[in-house]
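One file, input-v7.txt, is given below (compact mmCIF, C-alpha atoms and all ligand atoms).
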```txt
# COMPACT_ATOMS: atom_id res chain seq x y z
CA MET F 98 35.45 128.94 87.43
CA LYS F 99 33.22 126.32 89.00
CA LEU F 100 29.52 126.75 89.74
CA GLU F 101 27.71 124.34 92.03
CA GLY F 102 24.06 123.93 92.91
CA LEU F 103 21.00 121.85 92.32
CA SER F 104 19.95 121.54 88.72
CA TYR F 105 16.79 123.51 87.95
CA LYS F 106 15.59 120.44 86.04
CA ASP F 107 15.59 117.69 88.63
CA ARG F 108 17.35 119.18 91.68
CA ALA F 109 20.31 116.84 91.25
CA PRO F 110 23.50 118.36 92.72
CA ILE F 111 25.77 119.37 89.86
CA ALA F 112 29.07 121.13 89.33
CA ILE F 113 29.66 123.13 86.17
CA GLN F 114 33.23 123.78 85.12
CA ILE F 115 33.66 126.93 83.04
CA GLU F 116 36.67 127.84 80.92
CA ASP F 117 37.15 130.66 78.40
CA GLY F 118 33.46 131.56 78.53
CA ILE F 119 32.39 128.04 77.64
CA ILE F 120 30.96 125.20 79.73
CA LYS F 121 33.79 122.69 79.85
CA SER F 122 32.03 119.98 81.78
CA LEU F 123 29.00 119.14 83.90
CA SER F 124 29.33 116.56 86.63
CA LYS F 125 27.62 115.31 89.73
CA SER F 126 28.57 117.31 92.80
CA ASP F 127 29.43 115.45 96.00
CA ARG F 128 29.07 118.48 98.22
CA ALA F 129 26.10 118.95 100.52
CA LEU F 130 24.23 121.81 98.88
CA PRO F 131 21.31 123.86 100.26
CA ASP F 132 18.10 122.50 98.74
CA THR F 133 16.79 125.93 97.73
CA ARG F 134 19.88 126.96 95.75
CA LEU F 135 19.34 126.14 92.09
CA ILE F 136 21.37 126.66 88.95
CA GLY F 137 20.21 126.79 85.36
CA PRO F 138 20.47 128.70 82.10
CA GLY F 139 20.20 132.49 82.22
CA PHE F 140 17.05 134.15 80.92
CA THR F 141 16.82 135.45 77.34
CA ASP F 142 14.37 138.27 76.70
CA ILE F 143 13.72 138.90 73.00
CA GLN F 144 11.48 141.92 73.63
CA VAL F 145 12.88 144.72 75.77
CA ASN F 146 11.78 148.27 74.93
CA GLY F 147 13.51 149.64 77.96
CA TYR F 148 14.14 149.13 81.64
CA ALA F 149 15.01 151.03 84.81
CA ARG F 150 14.15 154.49 83.38
CA TYR F 151 16.07 154.01 80.10
CA ASP F 152 14.36 153.51 76.77
CA TYR F 153 15.72 152.05 73.52
CA ASN F 154 12.99 154.05 71.75
CA SER F 155 14.31 157.46 72.63
CA LEU F 156 17.58 159.06 71.65
CA GLU F 157 19.64 159.57 74.77
CA ASN F 158 21.88 162.62 75.24
CA ASP F 159 24.48 160.10 76.27
CA PHE F 160 23.87 156.70 74.69
CA MET F 161 26.07 155.08 77.35
CA ASN F 162 23.15 155.52 79.78
CA LEU F 163 21.45 152.66 77.96
CA GLY F 164 24.11 150.33 79.33
CA GLN F 165 22.20 150.51 82.62
CA ILE F 166 19.53 148.32 81.03
CA SER F 167 21.96 145.41 80.60
CA ARG F 168 23.29 145.87 84.14
CA SER F 169 19.81 146.04 85.68
CA LEU F 170 18.73 142.96 83.73
CA PHE F 171 21.81 140.98 84.85
CA LYS F 172 20.54 141.52 88.42
CA GLU F 173 17.29 139.88 87.36
CA GLY F 174 18.99 136.86 85.82
CA VAL F 175 18.57 138.03 82.22
CA THR F 176 21.83 137.10 80.48
CA SER F 177 20.74 138.06 76.93
CA HIS F 178 18.23 140.55 75.64
CA PHE F 179 17.03 142.07 72.39
CA PRO F 180 16.55 145.84 72.43
CA THR F 181 13.17 146.33 70.76
CA VAL F 182 12.62 149.31 68.49
CA ILE F 183 8.95 149.95 67.77
CA THR F 184 7.00 151.82 65.07
CA ASN F 185 8.53 155.17 64.23
CA SER F 186 9.66 157.10 61.15
CA PRO F 187 12.27 155.17 59.11
CA GLU F 188 14.87 157.83 59.92
CA GLN F 189 14.21 157.60 63.63
CA ILE F 190 14.35 153.78 63.54
CA SER F 191 17.76 154.13 61.86
CA LYS F 192 18.97 156.47 64.59
CA LEU F 193 17.67 154.21 67.36
CA ILE F 194 19.33 151.17 65.81
CA ARG F 195 22.63 153.02 65.43
CA GLN F 196 22.38 154.10 69.06
CA VAL F 197 22.30 150.42 70.10
CA ILE F 198 25.32 149.71 67.90
CA PHE F 199 27.29 152.65 69.36
CA LEU F 200 26.46 151.32 72.81
CA ARG F 201 27.63 147.83 71.95
CA ASN F 202 30.88 149.16 70.55
CA GLU F 203 31.65 151.22 73.65
CA ASP F 204 30.22 149.21 76.53
CA PRO F 205 31.60 145.67 76.91
CA LEU F 206 28.88 144.56 79.36
CA ALA F 207 26.05 145.80 77.14
CA SER F 208 27.76 144.15 74.21
CA LEU F 209 27.67 140.83 76.08
CA SER F 210 23.99 141.12 76.92
CA ILE F 211 22.64 142.49 73.61
CA GLU F 212 22.56 139.50 71.26
CA GLY F 213 20.06 140.82 68.74
CA ILE F 214 17.68 143.63 67.86
CA HIS F 215 13.92 143.17 67.53
CA VAL F 216 12.18 145.61 65.17
CA GLU F 217 8.48 145.61 66.14
CA GLY F 218 6.63 147.60 63.47
CA PRO F 219 6.27 149.85 61.58
CA PHE F 220 4.74 147.27 59.18
CA ILE F 221 1.77 146.50 61.42
CA SER F 222 -2.00 147.07 61.33
CA GLN F 223 -3.30 150.62 61.15
CA GLU F 224 -6.46 149.60 63.02
CA ASP F 225 -7.15 150.83 66.53
CA GLY F 226 -6.85 147.85 68.83
CA PRO F 227 -4.40 145.64 66.93
CA ARG F 228 -2.09 148.64 66.59
CA GLY F 229 -1.96 148.96 70.38
CA ALA F 230 -0.02 152.02 71.47
CA HIS F 231 2.09 152.25 68.29
CA PRO F 232 1.81 155.72 66.65
CA LYS F 233 -0.54 155.50 63.65
CA GLU F 234 1.21 158.14 61.56
CA HIS F 235 4.30 155.96 61.20
CA VAL F 236 2.57 152.67 60.33
CA ARG F 237 3.37 151.64 56.74
CA ALA F 238 3.44 148.76 54.28
CA PRO F 239 6.32 146.24 54.57
CA ASN F 240 9.37 147.37 52.65
CA TRP F 241 12.44 145.18 52.13
CA ASP F 242 14.71 148.08 51.15
CA LEU F 243 14.09 149.70 54.51
CA ILE F 244 14.76 146.46 56.38
CA GLN F 245 17.99 146.02 54.45
CA LYS F 246 19.05 149.54 55.30
CA TRP F 247 18.32 148.97 58.99
CA GLN F 248 20.14 145.66 58.90
CA ASP F 249 23.23 147.34 57.41
CA GLU F 250 23.09 150.00 60.10
CA ALA F 251 22.66 147.26 62.71
CA GLU F 252 25.75 145.45 61.37
CA GLY F 253 23.61 142.35 60.98
CA LEU F 254 22.17 142.42 64.49
CA VAL F 255 18.48 142.61 63.50
CA LYS F 256 17.38 139.05 64.24
CA LEU F 257 13.62 139.45 64.64
CA ILE F 258 10.93 141.53 62.96
CA THR F 259 7.29 141.72 64.02
CA LEU F 260 4.89 142.65 61.22
CA SER F 261 1.29 142.13 60.19
CA PRO F 262 0.58 139.99 57.11
CA GLU F 263 -2.49 142.04 56.22
CA TRP F 264 -0.41 144.08 53.73
CA PRO F 265 -0.15 142.74 50.16
CA GLU F 266 3.65 143.26 50.31
CA SER F 267 4.01 141.01 53.37
CA ASN F 268 4.83 137.66 51.84
CA THR F 269 7.69 138.78 49.62
CA VAL F 270 9.16 140.71 52.55
CA ILE F 271 8.81 137.71 54.87
CA GLU F 272 10.59 135.51 52.31
CA LYS F 273 13.41 138.04 51.99
CA CYS F 274 13.81 138.27 55.76
CA VAL F 275 13.97 134.51 56.17
CA GLU F 276 16.51 134.19 53.30
CA ASN F 277 18.65 136.74 55.11
CA GLY F 278 18.48 135.15 58.53
CA ILE F 279 15.90 137.43 60.13
CA ALA F 280 13.10 135.63 61.96
CA VAL F 281 9.61 136.98 61.30
CA ALA F 282 6.86 137.23 63.87
CA ILE F 283 3.21 138.05 63.31
CA GLY F 284 1.89 140.70 65.66
CA HIS F 285 -0.27 143.79 65.99
CA THR F 286 -2.31 142.23 63.23
CA ASN F 287 -5.80 142.40 61.79
CA ALA F 288 -4.99 139.80 59.12
CA LYS F 289 -7.50 137.33 57.68
CA HIS F 290 -7.03 133.59 58.08
CA GLN F 291 -5.70 133.16 54.54
CA GLN F 292 -3.19 135.99 55.00
CA ILE F 293 -1.87 134.37 58.17
CA GLU F 294 -1.67 131.01 56.44
CA ASP F 295 0.25 132.59 53.55
CA ALA F 296 2.61 134.36 55.95
CA VAL F 297 3.41 131.03 57.60
CA LYS F 298 4.06 129.49 54.19
CA ALA F 299 6.38 132.41 53.45
CA GLY F 300 8.31 131.63 56.63
CA ALA F 301 6.77 133.48 59.61
CA ARG F 302 7.49 131.37 62.71
CA LEU F 303 6.24 133.30 65.72
CA SER F 304 3.29 135.20 67.14
CA THR F 305 4.39 138.25 69.11
CA HIS F 306 2.73 138.65 72.54
CA LEU F 307 -0.18 136.45 71.50
CA GLY F 308 -3.46 137.61 73.01
CA ASN F 309 -2.36 141.25 73.20
CA GLY F 310 -2.27 144.01 70.59
CA MET F 311 -5.81 142.98 69.57
CA HIS F 312 -9.32 144.38 69.30
CA PRO F 313 -11.06 144.38 72.70
CA ILE F 314 -13.95 142.48 71.01
CA LEU F 315 -13.50 139.88 68.24
CA PRO F 316 -15.95 138.07 65.95
CA ARG F 317 -16.42 134.56 67.38
CA HIS F 318 -14.87 133.00 64.26
CA PRO F 319 -12.98 133.22 62.09
CA ASN F 320 -10.53 135.59 63.74
CA TYR F 321 -6.76 136.09 63.85
CA LEU F 322 -6.48 134.55 67.31
CA TRP F 323 -7.92 131.18 66.26
CA SER F 324 -5.82 131.32 63.09
CA GLN F 325 -2.56 131.82 64.97
CA LEU F 326 -3.46 129.24 67.61
CA SER F 327 -4.26 126.68 64.93
CA MET F 328 -0.93 126.88 63.11
CA ASP F 329 1.66 124.52 64.57
CA GLN F 330 4.47 126.25 62.70
CA LEU F 331 3.93 129.36 64.81
CA SER F 332 5.60 129.53 68.19
CA ALA F 333 4.19 132.27 70.41
CA THR F 334 5.51 134.71 72.95
CA ILE F 335 3.40 135.81 75.89
CA ILE F 336 3.68 138.52 78.50
CA ALA F 337 3.15 136.80 81.85
CA ASP F 338 2.95 139.84 84.11
CA GLY F 339 -0.51 139.11 85.53
CA PHE F 340 -2.14 141.97 83.57
CA HIS F 341 -1.66 141.27 79.88
CA LEU F 342 -3.27 137.82 80.00
CA PRO F 343 -5.53 136.20 82.58
CA PRO F 344 -4.21 132.88 83.91
CA GLU F 345 -6.86 130.81 82.11
CA VAL F 346 -5.73 132.21 78.76
CA ILE F 347 -2.11 131.26 79.47
CA LYS F 348 -3.34 127.80 80.46
CA VAL F 349 -5.05 127.35 77.10
CA PHE F 350 -2.15 128.81 75.09
CA LYS F 351 0.15 126.35 76.87
CA LYS F 352 -2.04 123.42 75.92
CA VAL F 353 -2.09 124.51 72.30
CA LYS F 354 1.50 125.67 71.79
CA CYS F 355 3.16 123.22 74.23
CA GLU F 356 6.95 123.64 74.14
CA ASN F 357 6.61 126.43 71.58
CA LEU F 358 5.28 128.92 74.11
CA LEU F 359 7.92 131.47 75.17
CA LEU F 360 8.05 134.31 77.66
CA VAL F 361 8.95 137.89 76.83
CA SER F 362 8.80 140.84 79.19
CA ASP F 363 7.90 143.56 76.64
CA SER F 364 9.22 145.79 79.41
CA VAL F 365 9.28 149.54 78.92
CA SER F 366 11.46 152.09 80.67
CA LEU F 367 9.11 152.20 83.65
CA ALA F 368 9.85 148.61 84.63
CA GLY F 369 11.46 148.75 88.04
CA MET F 370 10.24 152.34 88.65
CA PRO F 371 7.85 153.69 91.33
CA PRO F 372 4.10 153.90 90.52
CA GLY F 373 2.75 157.16 89.05
CA ASP F 374 1.93 159.07 85.86
CA TYR F 375 4.59 159.22 83.17
CA ASP F 376 5.14 160.39 79.58
CA LEU F 377 6.58 157.81 77.21
CA HIS F 378 7.34 157.52 73.52
CA ILE F 379 5.03 154.52 73.36
CA GLY F 380 1.52 155.93 73.65
CA GLY F 381 2.48 159.21 75.31
CA GLN F 382 0.78 159.58 78.68
CA VAL F 383 0.66 156.40 80.74
CA THR F 384 0.01 155.37 84.30
CA LEU F 385 1.87 152.75 86.33
CA SER F 386 -0.39 151.43 89.08
CA PRO F 387 0.93 150.34 92.49
CA GLU F 388 0.29 146.71 91.41
CA GLY F 389 2.59 147.15 88.42
CA LYS F 390 -0.08 147.53 85.71
CA LEU F 391 0.98 149.94 82.97
CA HIS F 392 -1.81 151.45 80.86
CA LEU F 393 -2.75 154.49 78.75
CA ARG F 394 -3.86 157.23 81.11
CA SER F 395 -6.88 157.90 78.89
CA ASN F 396 -7.98 154.25 78.88
CA PRO F 397 -7.02 151.78 81.64
CA LYS F 398 -8.12 148.90 79.39
CA ILE F 399 -5.32 149.56 76.89
CA LEU F 400 -1.99 148.37 78.22
CA ALA F 401 1.17 150.19 77.14
CA GLY F 402 3.81 147.52 77.53
CA SER F 403 4.82 145.81 80.69
CA ALA F 404 6.63 146.94 83.80
CA MET F 405 7.85 143.45 84.73
CA ASN F 406 10.96 141.44 83.89
CA LEU F 407 11.33 137.76 82.96
CA ARG F 408 12.20 136.69 86.50
CA GLN F 409 8.86 138.10 87.63
CA GLY F 410 7.15 136.36 84.70
CA VAL F 411 8.59 133.01 85.78
CA SER F 412 7.52 133.72 89.37
CA PHE F 413 3.99 134.56 88.15
CA LEU F 414 3.70 131.22 86.29
CA LEU F 415 4.80 129.39 89.45
CA ARG F 416 2.53 131.33 91.77
CA GLU F 417 -0.48 130.72 89.55
CA LYS F 418 0.55 127.06 89.10
CA LEU F 419 0.57 127.52 85.34
CA ALA F 420 3.88 125.70 84.96
CA ASN F 421 6.29 123.76 87.13
CA LEU F 422 9.71 125.20 87.83
CA PRO F 423 11.71 123.51 85.05
CA GLU F 424 9.13 124.44 82.44
CA ALA F 425 8.65 128.04 83.59
CA TRP F 426 12.45 128.43 83.64
CA GLU F 427 12.82 127.05 80.12
CA MET F 428 10.03 129.28 78.78
CA ALA F 429 12.26 132.21 79.73
CA SER F 430 15.63 130.75 78.74
CA ILE F 431 16.14 127.71 76.51
CA ARG F 432 13.01 128.26 74.42
CA PRO F 433 13.64 131.86 73.30
CA GLU F 434 17.35 131.11 72.88
CA ARG F 435 16.61 128.09 70.65
CA PHE F 436 13.91 129.96 68.74
CA ILE F 437 16.59 132.34 67.52
CA ASN F 438 19.38 129.78 67.25
CA PRO F 439 18.09 126.18 67.05
CA GLN F 440 21.60 124.66 67.08
CA GLU F 441 22.66 126.35 70.29
CA LEU F 442 24.08 124.18 73.09
CA ILE F 443 22.49 125.30 76.34
CA MET F 444 23.74 124.07 79.69
CA GLU F 445 25.77 121.44 77.91
CA SER F 446 29.50 121.08 77.58
CA GLY F 447 30.69 123.17 74.66
CA GLY F 448 27.86 125.70 75.09
CA LYS F 449 28.38 129.30 76.20
CA ALA F 450 28.40 129.72 79.96
CA ASP F 451 25.25 131.84 80.45
CA LEU F 452 24.09 130.66 83.83
CA ILE F 453 22.26 131.84 86.90
CA GLN F 454 22.23 130.74 90.49
CA VAL F 455 18.86 131.24 92.13
CA GLU F 456 17.30 130.97 95.56
CA LEU F 457 13.74 129.68 95.49
CA THR F 458 11.80 131.37 98.30
CA SER F 459 8.94 129.72 100.20
CA ASP F 460 6.37 131.82 98.29
CA ASN F 461 7.70 130.62 94.91
CA GLN F 462 9.66 133.73 94.09
CA LEU F 463 13.02 133.49 92.40
CA LYS F 464 15.82 135.47 94.00
CA ILE F 465 18.88 135.85 91.80
CA ILE F 466 22.10 135.04 93.65
CA LYS F 467 24.60 135.07 90.80
CA THR F 468 24.57 135.78 87.08
CA ILE F 469 27.26 134.48 84.76
CA LYS F 470 27.47 135.71 81.17
CA ASN F 471 29.95 134.10 78.77
CA GLY F 472 31.76 132.71 81.80
CA GLN F 473 32.07 136.12 83.43
CA GLU F 474 30.40 136.93 86.74
CA VAL F 475 28.24 139.97 85.94
CA TYR F 476 26.18 140.01 89.14
CA SER F 477 26.53 138.54 92.60
CA LEU F 478 24.34 139.05 95.64
CA ASP F 479 26.81 137.47 98.07
ZN ZN F 501 3.71 145.02 70.83
```
Hey, can you dump this file as structure tokens for me?
Amino acid sequence: MKLEGLSYKDRAPIAIQIEDGIIKSLSKSDRALPDTRLIGPGFTDIQVNGYARYDYNSLENDFMNLGQISRSLFKEGVTSHFPTVITNSPEQISKLIRQVIFLRNEDPLASLSIEGIHVEGPFISQEDGPRGAHPKEHVRAPNWDLIQKWQDEAEGLVKLITLSPEWPESNTVIEKCVENGIAVAIGHTNAKHQQIEDAVKAGARLSTHLGNGMHPILPRHPNYLWSQLSMDQLSATIIADGFHLPPEVIKVFKKVKCENLLLVSDSVSLAGMPPGDYDLHIGGQVTLSPEGKLHLRSNPKILAGSAMNLRQGVSFLLREKLANLPEAWEMASIRPERFINPQELIMESGGKADLIQVELTSDNQLKIIKTIKNGQEVYSLD
């Protein structure tokens, strides 16, 4: 298979030769190509609770339904995603993880798209505010035995855990995770500066959706936001849906974190659904506004996950002039991919052929034309 278009990086016309799922070569294309048709790496979303009515946090009557998430995300240019299982009872987390594994074993397309599992909680802060919409009754201290059990059930697919280092058990658990190839993110935290510093020393490398899952009002300093911003070892994910963070905050985070700022969607099952009132596992009763803002019905100030996907996040950064096209694209593709696997070859010969072809519209929206996953065409508009 050969894919031609203008490179997302510099708009140079390129041809990518694909063989056996791998990029065999990249070369200059001599063909006259439309100047709005771009190609680049597919998006990688390391935080997907659900999408298009299906939810990784509820047990489906037929787990095969969850395969619709991968298919819907392929249409949005997302070539890899991490199902994200949030705070719940240990037994329920086990069941939800096994559900993902059953799905992967039975559904070849979902198996292509699901490259890891993100366990967000239950080892987070009990405090209102930092805890966000996670159910308080299931929040608990970090426990390596539980993580090991989940990792066995996940057949090694748990690649990311979000926890709060405010628990005394945190640092030993972080060290264990890192030793066993699980990346640790700090999130939903009320930790003190020293606790965050110790967590970083123990091996935590990421802040999950920085700027969200926080108290509405913080002491001016010290606070856990300054602490996480100040530590260069911490990359950060952000939700760029236009509601979770105002543009000026993203602008500052970008200046501080530079190439270590990554996009996630944090999408829930209502992403891609019509506006209205809904009942969800996360936070119970929520409202999706016509503008796409998803919040607790009882308190519009508390967001309950996002209803946007990464393509929309990239479009938001462009529209608000928070990043240029190559950078916005990489925040949703190369950066999260390399965070999980630093050695990975991306859009280079020898790397896996996870590519998208995109039309850039006059109002800076990305329209997905074609999605290629492991060299296989998994979506085409034409
Ligand atoms: Zn969260």
Do you have, as a tab-separated table, the list of residues of chain F lying at most 10 Å from ligand ZN 501 (chain F), each with its nearest atom pair and that distance in Å to one decimal, counting all atoms listed in the file and ordered by chain then number?
```
residue	atom	partner	partner_atom	distance
F:Gln144	CA	F:ZN501	ZN	8.8
F:Asn146	CA	F:ZN501	ZN	9.6
F:Thr181	CA	F:ZN501	ZN	9.6
F:Ile183	CA	F:ZN501	ZN	7.8
F:Thr184	CA	F:ZN501	ZN	9.5
F:Glu217	CA	F:ZN501	ZN	6.7
F:Gly218	CA	F:ZN501	ZN	8.3
F:Ile221	CA	F:ZN501	ZN	9.7
F:Pro227	CA	F:ZN501	ZN	9.0
F:Arg228	CA	F:ZN501	ZN	8.0
F:Gly229	CA	F:ZN501	ZN	6.9
F:Ala230	CA	F:ZN501	ZN	8.0
F:His231	CA	F:ZN501	ZN	7.8
F:Thr259	CA	F:ZN501	ZN	8.4
F:Leu260	CA	F:ZN501	ZN	10.0
F:Gly284	CA	F:ZN501	ZN	7.0
F:His285	CA	F:ZN501	ZN	6.4
F:Thr305	CA	F:ZN501	ZN	7.0
F:His306	CA	F:ZN501	ZN	6.7
F:Leu307	CA	F:ZN501	ZN	9.4
F:Asn309	CA	F:ZN501	ZN	7.5
F:Gly310	CA	F:ZN501	ZN	6.1
F:Met311	CA	F:ZN501	ZN	9.8
F:Asp363	CA	F:ZN501	ZN	7.3
F:Ile379	CA	F:ZN501	ZN	9.9
F:Leu400	CA	F:ZN501	ZN	9.9
F:Ala401	CA	F:ZN501	ZN	8.5
F:Gly402	CA	F:ZN501	ZN	7.2
F:Ser403	CA	F:ZN501	ZN	10.0
```
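Rounded to one decimal, atom CA of Gly147 of chain F and atom CA of Gly174 of chain F lie 16.0 Å from each other.
Our summary of the geometry notes that atom CA of Ser430 of chain F is positioned 18.0 Å from atom CA of Asn461 of chain F.
The nearest approach to Asp242 of chain F among the residues F:Ser222, F:Thr269, F:Val475, F:Asp152, with all atoms listed in the file taken into account, belongs to F:Thr269.
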**Q.** For segment 380-384 of chain F: contacts at 10 Å, only C-alpha atoms, fewer than 3 positions along chain excluded, given as a PyMOL selection string
**A.** chain F and resi 229-232+367+372-377+387+389-397+399-402
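The spacing separating atom CA of Thr286 of chain F from atom CA of Asn154 of chain F amounts to 21.1 Å.
Between Gln462 of chain F and the residues F:Ser267, F:Ser446, F:Thr133, F:Gln223, the shortest atom-to-atom distance, using only C-alpha atoms, involves F:Thr133.
Each of F:Pro110, F:Pro219, F:Pro313, F:Pro138 was compared to Thr176 of chain F using only C-alpha atoms, and F:Pro138 turns out to be the nearest.
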